[in-house]
$ cat my_file18.cif   # mmCIF, C-alpha atoms and all ligand atoms
data_target
#
loop_
_atom_site.group_PDB
_atom_site.id
_atom_site.type_symbol
_atom_site.label_atom_id
_atom_site.label_comp_id
_atom_site.auth_asym_id
_atom_site.auth_seq_id
_atom_site.Cartn_x
_atom_site.Cartn_y
_atom_site.Cartn_z
ATOM 1 C CA MET I 1237 146.400 107.015 90.566
ATOM 2 C CA ARG I 1238 148.445 105.024 93.025
ATOM 3 C CA GLU I 1239 152.212 105.429 93.093
ATOM 4 C CA VAL I 1240 154.256 102.279 93.576
ATOM 5 C CA LEU I 1241 157.921 101.416 93.924
ATOM 6 C CA CYS I 1242 159.297 99.638 90.884
ATOM 7 C CA PHE I 1243 160.854 96.268 91.696
ATOM 8 C CA THR I 1244 163.628 96.540 89.121
ATOM 9 C CA CYS I 1245 164.719 100.211 89.086
ATOM 10 C CA ARG I 1246 163.483 101.176 92.580
ATOM 11 C CA LYS I 1247 161.813 104.356 91.325
ATOM 12 C CA THR I 1248 158.236 105.333 92.052
ATOM 13 C CA SER I 1249 155.803 105.231 89.168
ATOM 14 C CA THR I 1250 152.093 105.509 88.456
ATOM 15 C CA ASP I 1251 152.359 103.520 85.203
ATOM 16 C CA TYR I 1252 153.115 99.959 86.160
ATOM 17 C CA ILE I 1253 152.112 96.341 85.938
ATOM 18 C CA GLU I 1254 151.784 94.059 88.923
ATOM 19 C CA LEU I 1255 153.645 90.790 88.680
ATOM 20 C CA PHE I 1256 153.534 88.314 91.548
ATOM 21 C CA GLU I 1257 152.665 91.152 93.979
ATOM 22 C CA LYS I 1258 155.658 93.220 92.806
ATOM 23 C CA TYR I 1259 155.510 96.260 90.552
ATOM 24 C CA ILE I 1260 157.362 96.943 87.324
ATOM 25 C CA CYS I 1261 157.167 100.467 85.916
ATOM 26 C CA GLU I 1262 156.395 101.224 82.307
ATOM 27 C CA SER I 1263 159.952 102.193 81.381
ATOM 28 C CA CYS I 1264 161.268 98.908 82.781
ATOM 29 C CA GLN I 1265 158.574 97.009 80.906
ATOM 30 C CA ASN I 1266 159.691 98.686 77.700
ATOM 31 C CA GLN I 1267 163.317 97.867 78.470
ATOM 32 C CA ILE I 1268 162.471 94.237 79.149
ATOM 33 C CA LEU I 1269 160.420 93.967 75.965
ATOM 34 C CA SER I 1270 163.121 95.569 73.808
ATOM 35 C CA LEU I 1271 165.961 93.477 75.210
ATOM 36 C CA ASN I 1272 167.710 90.850 73.144
ATOM 37 C CA PRO I 1273 169.524 87.925 74.781
ATOM 38 C CA GLU I 1274 172.837 89.384 73.541
ATOM 39 C CA ASP I 1275 172.208 92.731 75.239
ATOM 40 C CA TYR I 1276 174.103 93.671 78.365
ATOM 41 C CA GLY I 1277 170.965 94.340 80.424
ATOM 42 C CA TYR I 1278 169.248 91.105 79.490
ATOM 43 C CA SER I 1279 170.679 88.947 82.258
ATOM 44 C CA TYR I 1280 169.959 91.682 84.814
ATOM 45 C CA PHE I 1281 166.246 91.716 84.022
ATOM 46 C CA HIS I 1282 166.228 87.987 83.499
ATOM 47 C CA ASN I 1283 167.569 87.530 87.029
ATOM 48 C CA LYS I 1284 165.034 89.989 88.445
ATOM 49 C CA VAL I 1285 162.147 88.122 86.833
ATOM 50 C CA LYS I 1286 163.651 84.831 87.977
ATOM 51 C CA ILE I 1287 163.739 86.134 91.568
ATOM 52 C CA LEU I 1288 160.092 87.173 91.257
ATOM 53 C CA TRP I 1289 159.166 83.756 89.931
ATOM 54 C CA GLU I 1290 161.004 81.934 92.714
ATOM 55 C CA GLU I 1291 159.408 84.157 95.368
ATOM 56 C CA TYR I 1292 156.023 83.460 93.822
ATOM 57 C CA LEU I 1293 156.581 79.693 93.908
ATOM 58 C CA GLU I 1294 157.863 79.942 97.478
ATOM 59 C CA SER I 1295 154.754 81.838 98.540
ATOM 60 C CA LEU I 1296 152.587 79.165 96.907
ATOM 61 C CA VAL I 1297 154.406 76.465 98.856
ATOM 62 C CA LYS I 1298 154.062 78.448 102.083
ATOM 63 C CA ASN I 1299 150.355 78.993 101.490
ATOM 64 C CA GLN I 1300 149.858 75.290 100.935
ATOM 65 C CA VAL I 1301 151.650 74.544 104.190
ATOM 66 C CA ILE I 1302 149.390 77.003 106.002
ATOM 67 C CA ASN I 1303 146.263 75.595 104.358
ATOM 68 C CA HIS I 1304 147.188 72.091 105.374
ATOM 69 C CA GLY I 1305 147.729 73.231 108.946
HETATM 70 ZN ZN ZN J 1 161.311 100.548 86.802
#

$ encode --input "my_file18.cif" --output "structure tokens"
Amino acid sequence: MREVLCFTCRKTSTDYIELFEKYICESCQNQILSLNPEDYGYSYFHNKVKILWEEYLESLVKNQVINHG
């Protein structure tokens, strides 16, 4: 199985999901899923996912620009 670098914890993992061409390892997934908004780590992961989302939208915009010449 392929080993990838986790986007949030920067460790390599073979158990991961791909989100917007970035990888999130299983332990980070579990952390994200178990977080409550009051928890200390919540905003950290929230920001990471927000960055992913913004990069994804940016790449969509860029692709459209390329497609339209
Ligand atoms: Zn991770």

$ residues_near_ligand --input "my_file18.cif" --ligand "ligand ZN 1 (chain J)" --cutoff "8 Å" --atoms "only C-alpha atoms and all ligand atoms" --output "number ranges by chain"
I: 1241-1249, 1260-1265

$ atom_distance --input "my_file18.cif" --atom1 "CA of Phe1281 in chain I" --atom2 "CA of Glu1294 in chain I"
19.7 Å

$ atom_distance --input "my_file18.cif" --atom1 "CA of Glu1290 in chain I" --atom2 "CA of Gly1277 in chain I"
20.1 Å

$ residues_around --input "my_file18.cif" --residues "range 1282-1288 of chain I" --least-positions-apart "2" --cutoff "9 Å" --atoms "only C-alpha atoms" --output "list of chain:residue names"
I:Phe1243, I:Thr1244, I:Leu1255, I:Phe1256, I:Glu1257, I:Lys1258, I:Ile1268, I:Gly1277, I:Tyr1278, I:Ser1279, I:Tyr1280, I:Glu1290, I:Glu1291, I:Tyr1292, I:Leu1293

$ axis_aligned_box --input "my_file18.cif" --around "range 1264-1276 of chain I" --padding-each-side "8 Å" --output "AutoDock Vina command-line options"
--center_x 166.3 --center_y 93.4 --center_z 78.0 --size_x 31.5 --size_y 27.0 --size_z 25.6

$ atom_distance --input "my_file18.cif" --atom1 "CA of Tyr1276 in chain I" --atom2 "CA of Glu1239 in chain I"
28.9 Å

$ resolve_selection --input "my_file18.cif" --expression "the PyMOL selection byres (((chain I and resi 1237) around 9) and not hetatm)" --output "list in words"
Arg1238, Glu1239, Thr1250 and Asp1251 of chain I
